[in-house]
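Note sheet for the following structure.
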4 protein chains.
Amino acid sequence: MRRWPRRNDADSIRARRDAIRAVVGDEPLAHDEEAWTRAQEAHTGAAVIPVSVVGPLVVELGQYELEEPAGTLRERGREREEILVPLAHTEGGLSASVSRGLKAAAASGGIRTYVVHDRMTRASCFICKDTEQAVVLAAWLESTVEELRAFLSGLDDPSLSKRARLREVKTHIVGPMCHVLWAWTTGDACGPNMMTRNSYALNMGYVMQRGPVKPERAILEANMGGDKKPSYEFFGSGHGKTVLAEVTLGEEAVRRVLQTTVDDLLELSWAGTHGAVASGMQSVAFTPASAVAALYAATGQDLGMVGTSSMAHGTAHRSSDGGLHAAIRFPGLEVGTVGGGTTLPYARSWLALLGCAGSGKVYRFAQIVAATALALEISASAAMATAGSENFFRAHHERGGLR
Amino acid sequence: MRRWPRRNDADSIRARRDAIRAVVGDEPLAHDEEAWTRAQEAHTGAAVIPVSVVGPLVVELGQYELEEPAGTLRERGREREEILVPLAHTEGGLSASVSRGLKAAAASGGIRTYVVHDRMTRASCFICKDTEQAVVLAAWLESTVEELRAFLSGLDDPSLSKRARLREVKTHIVGPMCHVLWAWTTGDACGPNMMTRNSYALNMGYVMQRGPVKPERAILEANMGGDKKPSYEFFGSGHGKTVLAEVTLGEEAVRRVLQTTVDDLLELSWAGTHGAVASGMQSVAFTPASAVAALYAATGQDLGMVGTSSMAHGTAHRSSDGGLHAAIRFPGLEVGTVGGGTTLPYARSWLALLGCAGSGKVYRFAQIVAATALALEISASAAMATAGSENFFRAHHERGGLR
Amino acid sequence: MRRWPRRNDADSIRARRDAIRAVVGDEPLAHDEEAWTRAQEAHTGAAVIPVSVVGPLVVELGQYELEEPAGTLRERGREREEILVPLAHTEGGLSASVSRGLKAAAASGGIRTYVVHDRMTRASCFICKDTEQAVVLAAWLESTVEELRAFLSGLDDPSLSKRARLREVKTHIVGPMCHVLWAWTTGDACGPNMMTRNSYALNMGYVMQRGPVKPERAILEANMGGDKKPSYEFFGSGHGKTVLAEVTLGEEAVRRVLQTTVDDLLELSWAGTHGAVASGMQSVAFTPASAVAALYAATGQDLGMVGTSSMAHGTAHRSSDGGLHAAIRFPGLEVGTVGGGTTLPYARSWLALLGCAGSGKVYRFAQIVAATALALEISASAAMATAGSENFFRAHHERGGLR
Amino acid sequence: MRRWPRRNDADSIRARRDAIRAVVGDEPLAHDEEAWTRAQEAHTGAAVIPVSVVGPLVVELGQYELEEPAGTLRERGREREEILVPLAHTEGGLSASVSRGLKAAAASGGIRTYVVHDRMTRASCFICKDTEQAVVLAAWLESTVEELRAFLSGLDDPSLSKRARLREVKTHIVGPMCHVLWAWTTGDACGPNMMTRNSYALNMGYVMQRGPVKPERAILEANMGGDKKPSYEFFGSGHGKTVLAEVTLGEEAVRRVLQTTVDDLLELSWAGTHGAVASGMQSVAFTPASAVAALYAATGQDLGMVGTSSMAHGTAHRSSDGGLHAAIRFPGLEVGTVGGGTTLPYARSWLALLGCAGSGKVYRFAQIVAATALALEISASAAMATAGSENFFRAHHERGGLR
């Protein structure tokens, strides 16, 4: 094969298209948005995923702001809304199931959501001469947060982001390594780029220059956190937005809309939780990734983060008021409403449908993701909880899969 | 809000579009493929994701077939190819990084891939009266595999799939629960639907009717496996296709193409592996999910499976021949080349570019995914291995993020 | 310090004792059993742990034998017994709590136990030139089990154990490594020594000599299994004896003996299970290690295996007959009734009390461990389930800790 | 069986002994220390474990104190010492292996240890009506630490411990549950009893009385931490003393004392680390539990904590000075030098040998445990790193197991 053109100039794009047109046809090469070429290198064509719109999601959302300088979330108020939800996917039955879950939730007074934590973390690592030096470095780092913040504010470097604000520094020493979790808030952007740039500045401009020991090596990211791979560190401490969603399903809604009973749902939850323990499954839940992926694909989120963002811990509990309390905890929804794929056509439109396009919307969006996923959990669980999971079978039989 | 239309008749589709056009604009509502309405309920519009085409991927692929009746994989031959790879994503720098990794691999003789296992598993659960009954049931199930197969073949039920073939039955008793892993091969389809239907038939038509004890409850799926949630069960034993990819990078390619050294890559791998252990990260790797998601989005795979399919175990080792041996193990690539989203426009075209559209192509496709991901691992690691991870920072600075 | 004597000749022992007598006093140096010097090097003195005897444990035990040649467990019968249980420990309240659990179980018809699996595994690793060679080696190993067995039987090497019988061979390829799980049964011994010796013979005498590829290195044990470190591999597939214990507690026994209610126990179990999920705890149970350690210390088991043997999965479920079904699964009780510490004074006596001294007793012993641990789970849970866990507090207040 | 006597009055003890003497013989019933009857209920006899004394351990220990009121560890100084180490066990070869590791370490300048964290944690749980109430409770708890401390100091309740000091409060919300990690320092005691009593007072005396919502239930311990079960929460954040130990082995010591090479040790470490990842093993190390158990059994520590205390993360790295840097991190050594089993005969003597009996010695003791375990890691690894792990085989062949 002769050298494949890698750039996004008009000639290269045309050359690529010409080279493959005979195989792929015209259709996938037809979409031309100027924005595409800013989104990626070697732009050539398009993938199109159908989008359903389901709803309404009846939900009580919290409004949040970060208190400075600690970066603690404060709830300013709560508001009840009805929202239409776009789902980009090709899984037969998924939109119908979300719809049904939304209906059951609505019939039960709606879903309520809470954002309880907000941090993006870059896990750098300093390899020292030995453990002694790593201990010295760690102690210094944990006591230097103010200076690190001041250093960043003082820099006049266009590669730095002012929106990514350093909040905490956590160290973990293993062998001669001093791992450092730089924890940031990143405004309304998801933030991996901005925190990477700022962390680089901290590592190379401050730690390697002014630290009490001279590490042999600085690595920007060395897996102490959870960079696109699920981890217990972030399952516990969170990454992106940590969001809780809950609903107390009425017995009537369970019976009429979900066609099962509270007892059957509790039994399913019990077996599924213990099955998850037995298989070493971190996310004790049903199918949160299906909802997360469908919303991420519609709204320009990073699909490589579907796995980490889908870490979830679901529960079901008989409510003391009657009915069933169903809830889900997402420790790490890595979402943005500005920057990255959210700036692109289509994505921006679907974000607009959610009332989530642009600044000041990221907590809203994170909550909608969690609420939608909870609706799917409810409906899928209900299908599974019927005798022999008959309704789950039926959904797969009647709607599942284009054969 | 008045009742939201949920169906896919023309009136409902139009009603949904009219209701949201003012907010989302015409663009995302413009795509009309008859196929979309078969793919999902409440179809309304489209999401478009730009696709790059990078390459060539120089790879030696194995050809495999299942030996009957055991369903063991047999390698029929190996062939060296050059393949162009479509990546659907919006992450600046990703396509360039895959390109660079492909180039380094090509300069080192190419990547080699192996499929070592092929099973899709439905994890059903029978809740018995007590442990004693679960023990009896488990012993019976493990000794009844032939009868279960015969039962399935004998059924003349259109809801059943003949392509999903039962291979093994594994039980796991916890409390009064007898969890059962029904392990299937599913032809060229990913297979969740077909194995769900067949497992339902086994549960309700055979086990509940003829078992030595009468379970109190049968549940089709209860998390003993790994249904869209990463699990150690499947990290170990596999789900979908278990694929290995390897390359031995020459020192020259490492220096010239990747702009780092073998020593630096080994040191990064060491720190990243121990960081992953420290954070309780199952997938010891760099960023496999980015490559998996980009290929899945282009080719109509289930994006809800990005997290499970991205479970990975990467290694780096100084080769006894000189250079660096880099490898990655994907225990569970849940892929298909027929059925589901792969039948849709765009997806089918991009599969065609890979030579993977239709029957007899699923092992090929799985290997291409693994090989592409390895290329990204190489390149991203190299950027991180430079002093202070400068090149990783630069990639994020120059290409990362649409601001 | 002058050179410290390391051997067990009389002079060395006396020299060590003389050197420390002024500090430790006569008491810990007074125990002289000829056996001690066979048990360890540098023998100097003794540790004494008080032993309680509690009971009776009312239990229905299974009798098992291994079917040859597959090594599958077959239950030959079941018998109900009353057994006194020795517990070596210094934890105030522990013996009282086990007693209470035993009483509640006895009042509910007793505990029933099952051995469902029996394997000891040595996890060797062959480092090959590359993944290709590891793939070839793995395929060969999996198809060579009969030859490997024949090779072992044919050897006339006194270092080999005839009691350790090779049952299965499982491979796992990562990078250029071919990990191999050699699965053995080891008679009535725990077996780590005998399987180590036999695995060495396989590795060096067969695989390295006759394999289709020549690995660069053979390692006897490389952590693919779970050698004194808990692992998901063995949490799932087992190590030593996999034992289940169950009891259906009557409501009356729960109220009168355990002073709580079925509802309160279920609620505790629910919260404790989800707490365990949240903390990334593998063993979803209460305090199985306390019982395992106390029985292991009394009976000469390897205390370094307390952690792995205590891996456990406990459940509680409302019984359809009324009352509460409580059960626990121990995937890996690493126990013996011959060999190692079980041959020593004291240990042998306490094994005799259990009717477990010597050959043919290992399944019996494993079941007694599991049953005793279940009794403790019941009682400790009951204390915790009272309002505010008052009875748990009281036990700690009144009996906990020598102050 | 007639009613088994459960108490520790002279008649009951005699009755138990008389009942079992015919089976167990006189020997295990002969030890009579008044202290035994304070250590446990139903005291009847004794277990005796032989103790070796090995050494010297050449180690540089840190001296630490807690800074008030934060409870941060401050290193006051470091001192080099030579210490004799008592090991209670029956595993042939273990004492010899520790000896060899100590010798190699001594020949390399000795081991250095660091205590980096000190907390004991009781993981309580408040079950609320719903998630909303759990969110409110969590926010209140995190802001109420000062008041909680004041409440405890103000109580004049003999059931409370003044030594257990509340340091931090961490909440984790799942479903309607508000889990709370009460983090304490516990002086020189291990502390589970004292923190249990104090946590009960907080739960019932403060939270349930004065909280902003009224939880439906308070549970003293619900597994959010790691109560005698290994957990990722404590693997990361620590429990008891978090201790690091390191040594830089000289090439000469590796060759002469350990009879292997730095290269071979690095290769073993690489394979063993990846084996541990593949098996889902949390503790990437060799056999830390053997050393921990032997020291715990000698010194009256809680043997039920062997598993949790043995959580470990070991590393090996080529030192920039030449030689091999070997290190181990113990996140949770649950040790005491006062209270519990440490007050008993024998235990107190062996603590005295270590210079660790009584107050002000707990950090010293924790460091000795870590250093001894590192010595075993070194020696066992060296045996495994020889060709085919021959020396590991030999140790098992020649010393392993009383046959």
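In the structure tokens, each chain is lettered A, B, ... as it comes, each chain's residues begin at 1, and ligands are numbered from 1 in order of appearance.
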
Please determine the contact residues of chain A with respect to chain C at a cut-off of 8 Å, counting only C-alpha atoms, and supply them as an mmCIF file with N, CA, C and O atoms, in the first residue's frame.
```cif
data_model
loop_
_atom_site.group_PDB
_atom_site.id
_atom_site.type_symbol
_atom_site.label_atom_id
_atom_site.label_comp_id
_atom_site.auth_asym_id
_atom_site.auth_seq_id
_atom_site.Cartn_x
_atom_site.Cartn_y
_atom_site.Cartn_z
ATOM 1 N N TYR A 232 -11.377 0.649 41.485
ATOM 2 C CA TYR A 232 -12.006 0.815 42.794
ATOM 3 C C TYR A 232 -11.738 2.195 43.355
ATOM 4 O O TYR A 232 -12.548 2.739 44.089
ATOM 5 N N PHE A 235 -14.444 4.127 41.807
ATOM 6 C CA PHE A 235 -15.737 3.585 42.238
ATOM 7 C C PHE A 235 -16.056 4.118 43.632
ATOM 8 O O PHE A 235 -17.205 4.402 43.966
ATOM 9 N N GLY A 236 -15.033 4.266 44.448
ATOM 10 C CA GLY A 236 -15.230 4.812 45.783
ATOM 11 C C GLY A 236 -15.220 6.324 45.819
ATOM 12 O O GLY A 236 -16.193 6.958 46.232
ATOM 13 N N HIS A 274 -26.117 -10.797 44.728
ATOM 14 C CA HIS A 274 -25.212 -11.880 45.100
ATOM 15 C C HIS A 274 -24.534 -12.509 43.879
ATOM 16 O O HIS A 274 -23.400 -12.987 43.973
ATOM 17 N N VAL A 277 -21.608 -10.272 43.269
ATOM 18 C CA VAL A 277 -20.523 -10.547 44.208
ATOM 19 C C VAL A 277 -19.767 -11.809 43.770
ATOM 20 O O VAL A 277 -18.535 -11.848 43.763
ATOM 21 N N ALA A 278 -20.532 -12.825 43.397
ATOM 22 C CA ALA A 278 -19.911 -14.105 43.031
ATOM 23 C C ALA A 278 -19.029 -13.976 41.800
ATOM 24 O O ALA A 278 -18.016 -14.662 41.677
ATOM 25 N N SER A 279 -19.414 -13.116 40.868
ATOM 26 C CA SER A 279 -18.645 -13.001 39.629
ATOM 27 C C SER A 279 -17.562 -11.924 39.724
ATOM 28 O O SER A 279 -16.854 -11.688 38.754
ATOM 29 N N GLY A 280 -17.436 -11.283 40.869
ATOM 30 C CA GLY A 280 -16.434 -10.234 40.985
ATOM 31 C C GLY A 280 -16.759 -9.050 40.095
ATOM 32 O O GLY A 280 -15.898 -8.486 39.430
ATOM 33 N N GLN A 282 -17.842 -5.324 39.693
ATOM 34 C CA GLN A 282 -17.791 -4.143 40.539
ATOM 35 C C GLN A 282 -19.129 -3.431 40.563
ATOM 36 O O GLN A 282 -19.616 -3.036 41.615
ATOM 37 N N VAL A 284 -22.665 -3.332 40.757
ATOM 38 C CA VAL A 284 -23.862 -4.096 41.083
ATOM 39 C C VAL A 284 -25.053 -3.298 40.583
ATOM 40 O O VAL A 284 -25.504 -2.340 41.210
ATOM 41 N N HIS A 313 -23.725 1.537 41.284
ATOM 42 C CA HIS A 313 -24.136 0.720 42.418
ATOM 43 C C HIS A 313 -25.629 0.944 42.635
ATOM 44 O O HIS A 313 -26.046 1.991 43.107
ATOM 45 N N THR A 315 -29.484 -0.214 44.136
ATOM 46 C CA THR A 315 -30.117 -0.889 45.277
ATOM 47 C C THR A 315 -31.624 -0.896 45.109
ATOM 48 O O THR A 315 -32.192 -0.054 44.407
#
```

- Message: Report as number ranges by chain all protein, DNA and RNA residues lying within 8 Å of Glu142 in chain B, evaluated on only C-alpha atoms, omitting residues in the same chain fewer than 2 positions from it.
- Response: B: 138-140, 144-145, 169-171

May I have the selected residues written with N, CA and C atoms, as a PDB file, in the first residue's frame?
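See out_38.pdb below for the written result:
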```
ATOM      1  N   ALA B 138     -27.463 -28.402  40.942  1.00  0.00           N
ATOM      2  CA  ALA B 138     -26.184 -28.139  40.268  1.00  0.00           C
ATOM      3  C   ALA B 138     -25.551 -29.433  39.754  1.00  0.00           C
ATOM      4  N   ALA B 139     -25.571 -30.456  40.581  1.00  0.00           N
ATOM      5  CA  ALA B 139     -24.984 -31.730  40.154  1.00  0.00           C
ATOM      6  C   ALA B 139     -25.720 -32.278  38.938  1.00  0.00           C
ATOM      7  N   TRP B 140     -27.028 -32.154  38.965  1.00  0.00           N
ATOM      8  CA  TRP B 140     -27.826 -32.634  37.839  1.00  0.00           C
ATOM      9  C   TRP B 140     -27.520 -31.823  36.572  1.00  0.00           C
ATOM     10  N   THR B 144     -26.009 -33.026  32.672  1.00  0.00           N
ATOM     11  CA  THR B 144     -27.155 -33.108  31.763  1.00  0.00           C
ATOM     12  C   THR B 144     -26.924 -32.351  30.467  1.00  0.00           C
ATOM     13  N   VAL B 145     -25.689 -32.000  30.186  1.00  0.00           N
ATOM     14  CA  VAL B 145     -25.444 -31.123  29.041  1.00  0.00           C
ATOM     15  C   VAL B 145     -25.917 -31.753  27.736  1.00  0.00           C
ATOM     16  N   VAL B 169     -21.931 -25.947  30.529  1.00  0.00           N
ATOM     17  CA  VAL B 169     -22.815 -25.513  31.605  1.00  0.00           C
ATOM     18  C   VAL B 169     -21.966 -25.479  32.871  1.00  0.00           C
ATOM     19  N   LYS B 170     -21.920 -24.330  33.493  1.00  0.00           N
ATOM     20  CA  LYS B 170     -21.113 -24.194  34.714  1.00  0.00           C
ATOM     21  C   LYS B 170     -22.009 -23.680  35.821  1.00  0.00           C
ATOM     22  N   THR B 171     -21.956 -24.311  36.962  1.00  0.00           N
ATOM     23  CA  THR B 171     -22.813 -23.889  38.064  1.00  0.00           C
ATOM     24  C   THR B 171     -22.001 -23.265  39.186  1.00  0.00           C
TER      25      THR B 171
END
```

- Item | Selected residue of minimal separation from Gly307 in chain D among C:Leu148, C:Thr287, C:Pro28, C:Tyr346, counting only C-alpha atoms | C:Thr287

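Residues surrounding range 69-85 of chain C within 6 Å are Val53, Val54, Gly55, Pro56, Leu57, Val58, Val59, Glu60, Leu61, Gly62, Gln63, Tyr64, Glu65 and Leu66 of chain C [only C-alpha atoms; sequence separation below 3 positions excluded].
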
Selection above as a file: C-alpha atoms, as a compact mmCIF listing (two decimals), in the first residue's frame:
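Result file follows (out-v1.txt):
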```txt
# COMPACT_ATOMS: atom_id res chain seq x y z
CA VAL C 53 -14.20 -25.97 73.93
CA VAL C 54 -17.70 -25.07 72.83
CA GLY C 55 -20.63 -27.01 71.57
CA PRO C 56 -22.23 -29.13 70.72
CA LEU C 57 -22.20 -28.33 67.06
CA VAL C 58 -25.26 -30.13 65.76
CA VAL C 59 -24.49 -30.78 62.16
CA GLU C 60 -25.37 -33.05 59.29
CA LEU C 61 -22.12 -33.84 57.51
CA GLY C 62 -21.68 -35.35 54.11
CA GLN C 63 -19.29 -38.24 53.50
CA TYR C 64 -17.35 -37.88 50.30
CA GLU C 65 -14.96 -39.77 48.12
CA LEU C 66 -13.10 -38.88 44.97
```

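In terms of minimum interatomic distance to Ala42 in chain D, D:Ala15 ranks closest within D:Met204, D:Ala15, D:Val24, D:Ala105, counting only C-alpha atoms.
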
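Between CA of Ala366 in chain C and CA of Ala222 in chain D the interatomic distance comes to 27.5 Å.
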
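Excluding Lys228 in chain D itself and any same-chain residue fewer than 2 positions from it, the protein and nucleic acid residues within 10 Å of it, counting only C-alpha atoms, are C:Ser283, C:Ala285, C:Phe286, C:Thr287, C:Pro288, C:Ala289, C:Ser290, C:Gly307, C:Ser310, D:Asn223, D:Gly225, D:Gly226, D:Pro230, D:Ser231, D:Asp302, D:Leu303, D:Gly304, D:Met305, D:Val306, D:Gly307, D:Thr308, D:Ser309, D:Glu334.
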
Preceding selection exported with N, CA and C atoms as a compact mmCIF listing (two decimals), in the first residue's frame:
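Generated file (selection25.txt):
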```
# COMPACT_ATOMS: atom_id res chain seq x y z
N SER C 283 -15.07 -10.74 50.23
CA SER C 283 -15.83 -11.67 51.06
C SER C 283 -17.02 -10.98 51.67
N ALA C 285 -19.48 -11.22 53.98
CA ALA C 285 -19.75 -12.05 55.14
C ALA C 285 -19.53 -11.17 56.35
N PHE C 286 -19.59 -11.76 57.54
CA PHE C 286 -19.43 -10.94 58.73
C PHE C 286 -18.02 -11.11 59.29
N THR C 287 -17.75 -12.21 59.91
CA THR C 287 -16.43 -12.35 60.52
C THR C 287 -15.93 -13.79 60.45
N PRO C 288 -15.94 -14.36 59.25
CA PRO C 288 -15.55 -15.76 59.10
C PRO C 288 -14.10 -16.01 59.53
N ALA C 289 -13.24 -15.01 59.36
CA ALA C 289 -11.83 -15.23 59.68
C ALA C 289 -11.62 -15.52 61.16
N SER C 290 -12.47 -14.99 62.02
CA SER C 290 -12.30 -15.24 63.45
C SER C 290 -12.48 -16.72 63.76
N GLY C 307 -6.09 -15.98 55.75
CA GLY C 307 -6.72 -15.01 54.86
C GLY C 307 -7.37 -15.65 53.66
N SER C 310 -10.34 -17.84 54.54
CA SER C 310 -11.50 -17.10 55.04
C SER C 310 -12.28 -16.39 53.94
N ASN D 223 -19.71 -3.17 56.88
CA ASN D 223 -18.82 -3.60 55.80
C ASN D 223 -18.34 -2.52 54.84
N GLY D 225 -16.07 -0.61 55.46
CA GLY D 225 -14.63 -0.54 55.67
C GLY D 225 -13.98 -1.86 55.33
N GLY D 226 -13.56 -2.57 56.33
CA GLY D 226 -12.90 -3.86 56.06
C GLY D 226 -12.69 -4.56 57.38
N PRO D 230 -10.54 -8.54 53.71
CA PRO D 230 -9.79 -7.60 52.87
C PRO D 230 -10.74 -6.78 51.99
N SER D 231 -10.43 -5.51 51.82
CA SER D 231 -11.26 -4.64 50.99
C SER D 231 -10.37 -3.66 50.25
N ASP D 302 -4.46 -10.53 67.08
CA ASP D 302 -5.69 -11.23 66.71
C ASP D 302 -5.45 -12.01 65.40
N LEU D 303 -5.45 -13.34 65.50
CA LEU D 303 -5.17 -14.15 64.30
C LEU D 303 -6.28 -14.04 63.26
N GLY D 304 -7.46 -13.60 63.67
CA GLY D 304 -8.53 -13.36 62.71
C GLY D 304 -8.23 -12.19 61.79
N MET D 305 -7.19 -11.43 62.14
CA MET D 305 -6.81 -10.28 61.31
C MET D 305 -5.62 -10.59 60.41
N VAL D 306 -5.19 -11.83 60.37
CA VAL D 306 -4.06 -12.18 59.52
C VAL D 306 -4.34 -11.83 58.06
N GLY D 307 -5.55 -12.12 57.60
CA GLY D 307 -5.88 -11.87 56.20
C GLY D 307 -5.87 -10.39 55.86
N THR D 308 -6.52 -9.58 56.67
CA THR D 308 -6.58 -8.15 56.38
C THR D 308 -5.21 -7.50 56.57
N SER D 309 -4.51 -7.91 57.61
CA SER D 309 -3.19 -7.31 57.86
C SER D 309 -2.18 -7.70 56.79
N GLU D 334 -2.93 -4.38 61.63
CA GLU D 334 -3.83 -4.18 62.78
C GLU D 334 -3.15 -4.76 64.01
```

- Message: Which of range 222-371 of chain A end up as alpha helix (DSSP H) when DSSP is run on this backbone - answer as a PyMOL selection string?
- Response: chain A and resi 232-237+251-256+262-279+288-299+306-309+347-353+362-371

- Message: as a PyMOL selection string, please: every residue in range 189-375 of chain C that a backbone DSSP assignment puts in strand (DSSP E or B).
- Response: chain C and resi 189+217-219+231+240-249+281+284+313-318+324-333+338

Could you write those residues out with C-alpha atoms, as a short mmCIF file (atom, residue, chain, number, x, y, z; two decimals), in the first residue's frame?
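The new file result09.cif reads:
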```cif
data_model
loop_
_atom_site.label_atom_id
_atom_site.label_comp_id
_atom_site.auth_asym_id
_atom_site.auth_seq_id
_atom_site.Cartn_x
_atom_site.Cartn_y
_atom_site.Cartn_z
CA ALA C 189 -2.97 -33.40 53.49
CA ARG C 217 12.08 -19.47 31.75
CA ALA C 218 9.95 -21.66 33.99
CA ILE C 219 8.62 -20.32 37.27
CA SER C 231 -7.79 -13.88 44.56
CA GLY C 240 -8.49 -26.69 48.87
CA LYS C 241 -12.02 -27.70 49.79
CA THR C 242 -15.01 -25.70 48.56
CA VAL C 243 -17.59 -26.08 51.30
CA LEU C 244 -21.14 -24.86 51.76
CA ALA C 245 -22.88 -24.63 55.13
CA GLU C 246 -26.52 -23.78 55.73
CA VAL C 247 -29.11 -23.58 58.44
CA THR C 248 -32.74 -22.54 58.40
CA LEU C 249 -33.22 -20.66 61.65
CA MET C 281 -14.72 -6.29 49.78
CA VAL C 284 -19.38 -10.65 51.66
CA HIS C 313 -19.75 -15.51 50.57
CA GLY C 314 -22.61 -15.42 53.03
CA THR C 315 -26.30 -14.98 52.34
CA ALA C 316 -29.52 -14.58 54.28
CA HIS C 317 -32.93 -15.20 52.78
CA ARG C 318 -36.44 -15.50 54.14
CA LEU C 324 -34.39 -17.41 57.93
CA HIS C 325 -32.14 -19.35 55.64
CA ALA C 326 -28.53 -18.48 56.43
CA ALA C 327 -25.69 -19.93 54.44
CA ILE C 328 -22.02 -19.44 53.75
CA ARG C 329 -19.78 -20.59 50.93
CA PHE C 330 -16.10 -21.11 51.56
CA PRO C 331 -14.42 -21.48 48.18
CA GLY C 332 -11.03 -22.43 49.54
CA LEU C 333 -10.55 -24.08 52.89
CA VAL C 338 -2.28 -35.42 58.06
#
```

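Counting only C-alpha atoms and comparing C:Thr121, C:Pro50, C:Gly336, C:Arg394, the residue that lies closest to Ala30 in chain D is C:Pro50.
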
- Give me the residues within 9 Å of Pro215 in chain A as a count of residues only, counting only C-alpha atoms and dropping any in the same chain fewer than 3 places off. 11

- Tell me which protein, DNA and RNA residues are within 10 Å of Asn391 in chain A, counting only C-alpha atoms, leaving out same-chain ones fewer than 2 positions away, and put them as a PyMOL selection string. chain A and resi 258-260+380-389+393-397
